[in-house]
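Before any comments, here is the structure.
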Amino acid sequence: MDEDGEKRVRTKRSCSPESSEKRSGDEVDWVRDLPESLLFHVLLNLPTKDVVKSSVLSSKWRNLWRYAPGLDLDCRDFKEFNAVVSFIERFLSFNRESCLNKFKLRSYCDVDEETENDIRRWINTIVKQKVQYLDLTWSAVEIPPILYMCESLVSLKLCGVILPNLEFVSLPSLKAIVLEWVLFANDLALEMLISSCLVLESLTLCKSPIDNVKVLRVSSQSLLSFNYYGPKYKGLYDKDLVVEIDAPKLENLKLSHQVTASFIIKNSSSLVKADINIEFNFGLGKKFDPKDLPKRKMIRNFLARISSVKNLIIAPCTLEVIYDYSRCEPLPLFRNLSFLSVDFYDDIWEILPFFLESCPNLNSLVVESTSYPKERTSILSRPRRLLSSLEYVKIESSLDMMELKLVSYFLENSPVLKKVTLCLNDCSRKESVILRELLTIPRRSSSCQVVVL
């Protein structure tokens, strides 16, 4: 055996029970000897109840939870609310002289005057400790004004709380805001919070139907991403709601609310991606009225503002409104649109070609449908324009014979089409029939590949 071979053997033989015992000891030493900065980083990313449990791992860790740079508590983990108060008071007292990275607290308890005082005191303390990330879930708790003068705050998430009238806001470091079911004193309270955050980049708003906001204004010179979700159920509260967006640097936009009456976008020159699930309050039995000129103008302006996007996800209810509108006025051209995703219900998938005619540079299309369409029109049988740029199509559906016409439409009208992917839902018995039909469909692109999954 050569010298190198002997070295390899010796290396393998070193993995003996003795070395295993040593390795096990080394692992214990590794836990004990972790640098304090790394320990705090690990603890910061754990719920506080797990941080406390970690104290049994090493004598060095026994009291480490007290000095962790963050708190992450769910009050449901405590049997009594007094225990919650006591724990938070102790934790904040241990960290009184140090900076606090994160304060996350979730409670679903009733609020009384004493609880309000506790929360106000805690917020005063964490602001003084220069908290960077605040996540508070607590129903009907009014946030004290001092929070809106926290110069260290980078991320703010509030759920169920009350936002009072704000006389002054100074949040120079705040980059991300998430507001879920927050109650506002009035329209101005929300507007002032958003517009006063001069470096705000991300805003997510899950609207409550009773939040006292009738005109929701999002005005920001720095905002890059805005996600808006209305209440999941349809009611009477938001039937006249107006959402107004003035954010010249906005790149990503998501709108989801069927009963909002009006969406106004004042500046969209930077918009790249949009996810649109709105119907301008045409639900609840209402239909598009071509004689309603103000509504037509609003839809015209909205479509013009989002027409610069490159990536678009559009809901079936929105597409149906667009189709009804297109029977009165021409649609704007979506010249930059390269990716489109549409999720269909009922039988409205047949109106898709009308929208595709406004997308001259579309490259990829995803179509999802979980329904069984009914033949109601002959839209697909009309002469259509060629889809001169479309290369990839993906269809996720049960795919009956009616939807097969849509596949035919793509194959027959797409000269540069490279691939059509059909993801069938529980259609194993239909597969052979569909495959036979696909083989008979003429393809304008000789290089097009059809894949059935």
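The way I read the labels, and the way they are meant: chains A, B, ... in the order of the structure tokens, residue 1 as the first residue of every chain, and ligand 1 as the first ligand shown, with later ones counted on from there.
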
I'd like the neighbourhood of A:Ser262 as an mmCIF file with C-alpha atoms, in the first residue's frame, where a residue qualifies if any of its atoms comes within 9 Å (using only C-alpha atoms), though same-chain residues fewer than 5 positions away should be ignored.
data_model
loop_
_atom_site.group_PDB
_atom_site.id
_atom_site.type_symbol
_atom_site.label_atom_id
_atom_site.label_comp_id
_atom_site.auth_asym_id
_atom_site.auth_seq_id
_atom_site.Cartn_x
_atom_site.Cartn_y
_atom_site.Cartn_z
ATOM 1 C CA ASP A 240 -69.052 54.295 -2.163
ATOM 2 C CA LEU A 241 -65.414 53.786 -1.205
ATOM 3 C CA VAL A 242 -62.777 55.510 -3.334
ATOM 4 C CA VAL A 243 -59.168 54.295 -3.395
ATOM 5 C CA GLU A 244 -56.767 56.942 -4.684
ATOM 6 C CA PHE A 280 -65.813 48.475 -9.309
ATOM 7 C CA ASN A 281 -68.876 47.597 -7.231
ATOM 8 C CA LYS A 295 -67.939 55.285 -14.269
ATOM 9 C CA MET A 298 -62.947 56.098 -14.221
ATOM 10 C CA ILE A 299 -62.493 52.647 -15.809
#

Find the residues of stretch 93-193 of chain A that sit at most 12 Å from stretch 220-224 of chain A; for each, write down the nearest two atoms and how far apart they are in Å, to one decimal. Count only C-alpha atoms. Sort by chain, then by number going up, and give it as a tab-separated table.
residue	atom	partner	partner_atom	distance
A:Leu174	CA	A:Ser222	CA	11.1
A:Lys175	CA	A:Leu223	CA	8.7
A:Ala176	CA	A:Leu223	CA	9.3
A:Ile177	CA	A:Leu223	CA	10.6
A:Glu191	CA	A:Ser220	CA	9.6
A:Met192	CA	A:Ser220	CA	10.3
A:Leu193	CA	A:Ser220	CA	10.3

Generate a file of the selected residues that holds N, CA and C atoms, formatted as an mmCIF file, in the first residue's frame.
data_model
loop_
_atom_site.group_PDB
_atom_site.id
_atom_site.type_symbol
_atom_site.label_atom_id
_atom_site.label_comp_id
_atom_site.auth_asym_id
_atom_site.auth_seq_id
_atom_site.Cartn_x
_atom_site.Cartn_y
_atom_site.Cartn_z
ATOM 1 N N LEU A 174 -38.963 54.397 8.804
ATOM 2 C CA LEU A 174 -39.987 53.387 8.547
ATOM 3 C C LEU A 174 -40.078 53.048 7.061
ATOM 4 N N LYS A 175 -39.841 51.762 6.729
ATOM 5 C CA LYS A 175 -39.839 51.308 5.337
ATOM 6 C C LYS A 175 -41.004 50.385 5.009
ATOM 7 N N ALA A 176 -41.591 49.730 6.012
ATOM 8 C CA ALA A 176 -42.659 48.765 5.737
ATOM 9 C C ALA A 176 -43.794 48.935 6.746
ATOM 10 N N ILE A 177 -45.033 48.989 6.224
ATOM 11 C CA ILE A 177 -46.220 49.093 7.071
ATOM 12 C C ILE A 177 -47.213 48.019 6.650
ATOM 13 N N GLU A 191 -54.183 58.801 5.888
ATOM 14 C CA GLU A 191 -53.455 59.545 4.870
ATOM 15 C C GLU A 191 -52.209 60.206 5.442
ATOM 16 N N MET A 192 -52.326 60.761 6.627
ATOM 17 C CA MET A 192 -51.198 61.447 7.241
ATOM 18 C C MET A 192 -50.093 60.465 7.626
ATOM 19 N N LEU A 193 -50.493 59.289 8.114
ATOM 20 C CA LEU A 193 -49.499 58.278 8.483
ATOM 21 C C LEU A 193 -48.671 57.881 7.261
#

Residue list (alpha helix (DSSP H), DSSP) for stretch 99-234 of chain A, as a ChimeraX atom specification: /A:113-128,187-195

d(atom CA of A:Glu167, atom CA of A:Leu188) in Å: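 Between these atoms lies a distance of 10.4 Å.
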
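The space between atom CA of A:Lys49 and atom CA of A:Asp77 spans 8.1 Å.
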
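Reported to one decimal place, the separation of atom CA of A:Met149 from atom CA of A:Val182 is 19.1 Å.
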
Contacts of A:Arg335 within 12 Å, only C-alpha atoms, excl. fewer than 2 positions in-chain, as a ChimeraX atom specification: /A:304,306-311,331-333,337-339,356-363,389

Please dump the current selection as a compact mmCIF listing (two decimals), in the first residue's frame; keep all heavy atoms.
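Output contents, as saved in selection.txt:
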# COMPACT_ATOMS: atom_id res chain seq x y z
N ALA A 304 -55.84 52.71 -18.45
CA ALA A 304 -54.70 53.43 -19.04
C ALA A 304 -53.51 53.45 -18.09
O ALA A 304 -52.35 53.32 -18.51
CB ALA A 304 -55.13 54.85 -19.41
N ILE A 306 -52.72 51.23 -15.73
CA ILE A 306 -52.06 49.93 -15.52
C ILE A 306 -51.56 49.32 -16.83
O ILE A 306 -50.99 48.23 -16.82
CB ILE A 306 -52.99 48.93 -14.80
CG1 ILE A 306 -54.16 48.53 -15.71
CG2 ILE A 306 -53.48 49.47 -13.48
CD1 ILE A 306 -54.95 47.34 -15.18
N SER A 307 -51.77 50.00 -17.94
CA SER A 307 -51.42 49.43 -19.24
C SER A 307 -49.92 49.35 -19.48
O SER A 307 -49.48 48.75 -20.46
CB SER A 307 -52.07 50.24 -20.37
OG SER A 307 -51.58 51.57 -20.39
N SER A 308 -49.12 49.95 -18.61
CA SER A 308 -47.66 49.91 -18.78
C SER A 308 -47.01 48.71 -18.11
O SER A 308 -45.78 48.54 -18.20
CB SER A 308 -47.04 51.20 -18.22
OG SER A 308 -47.29 51.31 -16.82
N VAL A 309 -47.78 47.86 -17.44
CA VAL A 309 -47.20 46.75 -16.67
C VAL A 309 -46.57 45.70 -17.58
O VAL A 309 -46.96 45.54 -18.74
CB VAL A 309 -48.25 46.08 -15.76
CG1 VAL A 309 -48.78 47.05 -14.73
CG2 VAL A 309 -49.37 45.47 -16.59
N LYS A 310 -45.61 44.97 -17.03
CA LYS A 310 -44.97 43.87 -17.75
C LYS A 310 -45.53 42.52 -17.32
O LYS A 310 -45.50 41.56 -18.09
CB LYS A 310 -43.46 43.88 -17.50
CG LYS A 310 -42.75 45.12 -18.03
CD LYS A 310 -41.26 45.07 -17.73
CE LYS A 310 -40.56 46.32 -18.28
NZ LYS A 310 -39.10 46.30 -17.97
N ASN A 311 -46.03 42.48 -16.08
CA ASN A 311 -46.53 41.23 -15.51
C ASN A 311 -47.91 41.49 -14.93
O ASN A 311 -48.05 42.35 -14.05
CB ASN A 311 -45.55 40.75 -14.42
CG ASN A 311 -45.89 39.38 -13.87
OD1 ASN A 311 -47.05 39.04 -13.67
ND2 ASN A 311 -44.86 38.58 -13.61
N LEU A 331 -60.07 49.35 -25.85
CA LEU A 331 -59.14 49.18 -24.74
C LEU A 331 -57.80 49.81 -25.07
O LEU A 331 -57.38 49.85 -26.24
CB LEU A 331 -58.93 47.69 -24.44
CG LEU A 331 -60.15 46.88 -24.02
CD1 LEU A 331 -59.74 45.43 -23.79
CD2 LEU A 331 -60.77 47.46 -22.75
N PRO A 332 -57.07 50.29 -24.06
CA PRO A 332 -55.70 50.76 -24.32
C PRO A 332 -54.81 49.57 -24.65
O PRO A 332 -55.09 48.44 -24.27
CB PRO A 332 -55.31 51.41 -22.99
CG PRO A 332 -56.11 50.69 -21.97
CD PRO A 332 -57.43 50.38 -22.63
N LEU A 333 -53.73 49.82 -25.34
CA LEU A 333 -52.78 48.76 -25.64
C LEU A 333 -51.85 48.52 -24.45
O LEU A 333 -51.29 49.46 -23.89
CB LEU A 333 -51.95 49.12 -26.87
CG LEU A 333 -52.66 49.07 -28.22
CD1 LEU A 333 -51.69 49.48 -29.32
CD2 LEU A 333 -53.24 47.69 -28.49
N LEU A 337 -46.70 44.37 -21.80
CA LEU A 337 -47.11 43.15 -21.11
C LEU A 337 -46.48 41.92 -21.76
O LEU A 337 -46.69 41.65 -22.95
CB LEU A 337 -48.64 43.02 -21.14
CG LEU A 337 -49.23 41.92 -20.27
CD1 LEU A 337 -48.93 42.20 -18.80
CD2 LEU A 337 -50.74 41.79 -20.48
N SER A 338 -45.69 41.18 -20.97
CA SER A 338 -45.05 39.96 -21.46
C SER A 338 -45.58 38.71 -20.78
O SER A 338 -45.49 37.61 -21.34
CB SER A 338 -43.53 40.04 -21.28
OG SER A 338 -43.20 40.15 -19.90
N PHE A 339 -46.15 38.85 -19.56
CA PHE A 339 -46.70 37.70 -18.84
C PHE A 339 -48.11 38.03 -18.36
O PHE A 339 -48.34 39.08 -17.75
CB PHE A 339 -45.82 37.33 -17.64
CG PHE A 339 -46.41 36.24 -16.78
CD1 PHE A 339 -46.20 34.91 -17.10
CD2 PHE A 339 -47.18 36.55 -15.67
CE1 PHE A 339 -46.76 33.90 -16.32
CE2 PHE A 339 -47.74 35.55 -14.89
CZ PHE A 339 -47.53 34.23 -15.22
N LEU A 356 -56.69 39.75 -25.27
CA LEU A 356 -55.39 39.43 -25.85
C LEU A 356 -55.06 40.31 -27.05
O LEU A 356 -53.89 40.56 -27.34
CB LEU A 356 -55.36 37.95 -26.27
CG LEU A 356 -55.41 36.93 -25.14
CD1 LEU A 356 -55.35 35.51 -25.68
CD2 LEU A 356 -54.29 37.16 -24.14
N GLU A 357 -56.09 40.80 -27.72
CA GLU A 357 -55.85 41.68 -28.86
C GLU A 357 -55.20 43.01 -28.43
O GLU A 357 -54.62 43.71 -29.26
CB GLU A 357 -57.16 41.96 -29.58
CG GLU A 357 -57.69 40.75 -30.34
CD GLU A 357 -58.97 41.09 -31.08
OE1 GLU A 357 -59.43 42.25 -30.99
OE2 GLU A 357 -59.51 40.19 -31.75
N SER A 358 -55.30 43.32 -27.15
CA SER A 358 -54.69 44.56 -26.64
C SER A 358 -53.31 44.31 -26.06
O SER A 358 -52.73 45.20 -25.43
CB SER A 358 -55.59 45.17 -25.56
OG SER A 358 -56.84 45.53 -26.10
N CYS A 359 -52.77 43.10 -26.26
CA CYS A 359 -51.46 42.74 -25.70
C CYS A 359 -50.53 42.31 -26.84
O CYS A 359 -50.27 41.11 -27.02
CB CYS A 359 -51.60 41.61 -24.69
SG CYS A 359 -52.87 41.89 -23.42
N PRO A 360 -50.03 43.24 -27.62
CA PRO A 360 -49.29 42.90 -28.84
C PRO A 360 -47.94 42.23 -28.61
O PRO A 360 -47.40 41.62 -29.54
CB PRO A 360 -49.11 44.26 -29.53
CG PRO A 360 -49.16 45.26 -28.42
CD PRO A 360 -50.15 44.71 -27.44
N ASN A 361 -47.40 42.30 -27.40
CA ASN A 361 -46.08 41.74 -27.13
C ASN A 361 -46.11 40.65 -26.06
O ASN A 361 -45.08 40.35 -25.44
CB ASN A 361 -45.11 42.84 -26.73
CG ASN A 361 -44.91 43.87 -27.83
OD1 ASN A 361 -44.56 43.51 -28.95
ND2 ASN A 361 -45.14 45.14 -27.52
N LEU A 362 -47.27 40.05 -25.85
CA LEU A 362 -47.41 39.01 -24.83
C LEU A 362 -46.57 37.79 -25.18
O LEU A 362 -46.64 37.28 -26.30
CB LEU A 362 -48.88 38.61 -24.68
CG LEU A 362 -49.20 37.63 -23.56
CD1 LEU A 362 -48.95 38.27 -22.20
CD2 LEU A 362 -50.65 37.15 -23.66
N ASN A 363 -45.78 37.31 -24.20
CA ASN A 363 -44.89 36.17 -24.40
C ASN A 363 -45.40 34.91 -23.74
O ASN A 363 -45.33 33.83 -24.31
CB ASN A 363 -43.49 36.52 -23.87
CG ASN A 363 -42.52 35.37 -23.98
OD1 ASN A 363 -42.36 34.58 -23.05
ND2 ASN A 363 -41.87 35.25 -25.13
N SER A 389 -46.62 37.33 -30.84
CA SER A 389 -45.47 37.25 -29.92
C SER A 389 -45.61 36.12 -28.90
O SER A 389 -44.66 35.85 -28.16
CB SER A 389 -45.31 38.58 -29.17
OG SER A 389 -46.47 38.86 -28.40

Spatial neighbours of stretch 79-93 of chain A, 12 Å, only C-alpha atoms, chain gap at least 2 places, as a ChimeraX atom specification: /A:48-49,52,63-77,95-100,102-111,114-119,121-129,131

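Residue nearest A:Lys394, chosen from A:Asn252, A:Asn227, A:Ser408, A:Ser341 and counting only C-alpha atoms: A:Ser341.
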
Nearby residues (only C-alpha atoms) at most 9 Å from A:Lys418, same-chain spacing under 4 positions excluded, as a ChimeraX atom specification: /A:390-393,445-450
